[in-house]
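Student: Before I ask anything, here is the structure I am working with.
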Amino acid sequence: MSIIALSEKPFSCGRQFAKALAKKLRLPYVDVPILVERASAWSGDQKRLEAALESASDFLDRFIPHPHSQIPLLQVALAQEVQGGNAVCYGVAADLLNVPAGQIIWIRVESSHHFRRLEVQEHLGLHGAEAERYLRERDR
């Protein structure tokens, strides 16, 4: 039983890599939108679930959630998604995993600064100094 957990440096195409890997290995793919969709079916409050993920920006907050937090609900949704034992989890979904370390393969996707700048230009329409500032801010 192994779960592949992928994270990325912003604009390194980690999501695309995770989806391609899941497809190639014929494993379920799990990311935040999937978890929010599953959990909101129980709680009926998609906005609150999304807000909980945004407010839990500190890594530790995801594991020691505040009272009345939506994070445990997202963790239950994640547990159901990976209950077969083999899955590819991307981004914050990987941070929410609560399984023994020996069952997780951690992969960090990083791309060159030049490639990332091109991605920012293509996806956000920022150019030159704006794209550089945006990347510096995201990396900080």
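As shown in the structure tokens, the chain order sets the letters A, B, ...; within each chain, residues go from 1, and ligands are also counted from 1 in the order they appear.
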Check chain A with DSSP on the backbone and list each residue it calls helix (DSSP H, G or I), as a count of residues only.

Tutor: 80

Student: Which polymer residues have any atom within 12 Å of an atom of segment 23-26 of chain A, counting only C-alpha atoms, with same-chain residues fewer than 6 positions away left out, as a ChimeraX atom specification?

Tutor: /A:2-4,16-17,86-88

Student: Which residues come within 8 Å of segment 76-80 of chain A, counting only C-alpha atoms, excluding same-chain residues fewer than 5 positions away, as JSON, numbers by chain?

Tutor: {"A": [30, 35, 38, 39, 93, 96, 97]}

Student: Could you take the residues named above and write them with C-alpha atoms, as a PDB file, in the first residue's frame?

Tutor:
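Once everything was written out, this is again-v4.pdb:
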ATOM      1  CA  VAL A  30      -6.966  13.336  -5.299  1.00  0.00           C
ATOM      2  CA  LEU A  35     -11.978  16.751  -1.361  1.00  0.00           C
ATOM      3  CA  ARG A  38     -16.890  15.120  -1.366  1.00  0.00           C
ATOM      4  CA  ALA A  39     -16.931  16.889   2.002  1.00  0.00           C
ATOM      5  CA  ALA A  93      -4.469  17.197  -0.113  1.00  0.00           C
ATOM      6  CA  LEU A  96      -3.807  16.474   5.043  1.00  0.00           C
ATOM      7  CA  LEU A  97      -2.698  12.841   4.872  1.00  0.00           C
TER       8      LEU A  97
END

Student: Counting only C-alpha atoms, give me one row per residue of segment 61-125 of chain A with an atom at most 10 Å from an atom of segment 44-51 of chain A, showing the shortest contact pair and its distance in Å to one decimal, sorted by chain then residue number, as a tab-separated table.

Tutor:
residue	atom	partner	partner_atom	distance
A:Ser69	CA	A:Leu49	CA	8.6
A:Gln70	CA	A:Leu49	CA	5.6
A:Ile71	CA	A:Leu49	CA	7.5
A:Leu73	CA	A:Leu49	CA	8.4
A:Leu74	CA	A:Leu49	CA	7.7

Student: Using only C-alpha atoms, can you tell me which of A:Tyr90, A:Ala131, A:Val36, A:Pro72 comes closest to Ala20 of chain A?

Tutor: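 Closest to Ala20 of chain A, using only C-alpha atoms: A:Tyr90.
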
Student: Assign secondary structure with DSSP using the backbone only, and return the residues of chain A in strand (DSSP E) as a VMD selection string.

Tutor: chain A and resid 3 to 8 29 to 30 87 to 90 104 to 109

Student: With distances taken over only C-alpha atoms, which residue among A:Val120, A:Leu126, A:Cys89, A:Val82 lies nearest Arg108 of chain A?

Tutor: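 When distances to Arg108 of chain A are compared using only C-alpha atoms, the smallest one comes from A:Cys89.
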
Student: Hey, which of A:Ala5, A:Gly14, A:Gly91, A:Leu21 ends up closest to Pro33 of chain A? Count only C-alpha atoms.

Tutor: A:Gly91

Student: Any idea what the distance is between atom CA of Asp95 of chain A and atom CA of Ser40 of chain A?

Tutor: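 For atom CA of Asp95 of chain A relative to atom CA of Ser40 of chain A, the distance reads 19.2 Å.
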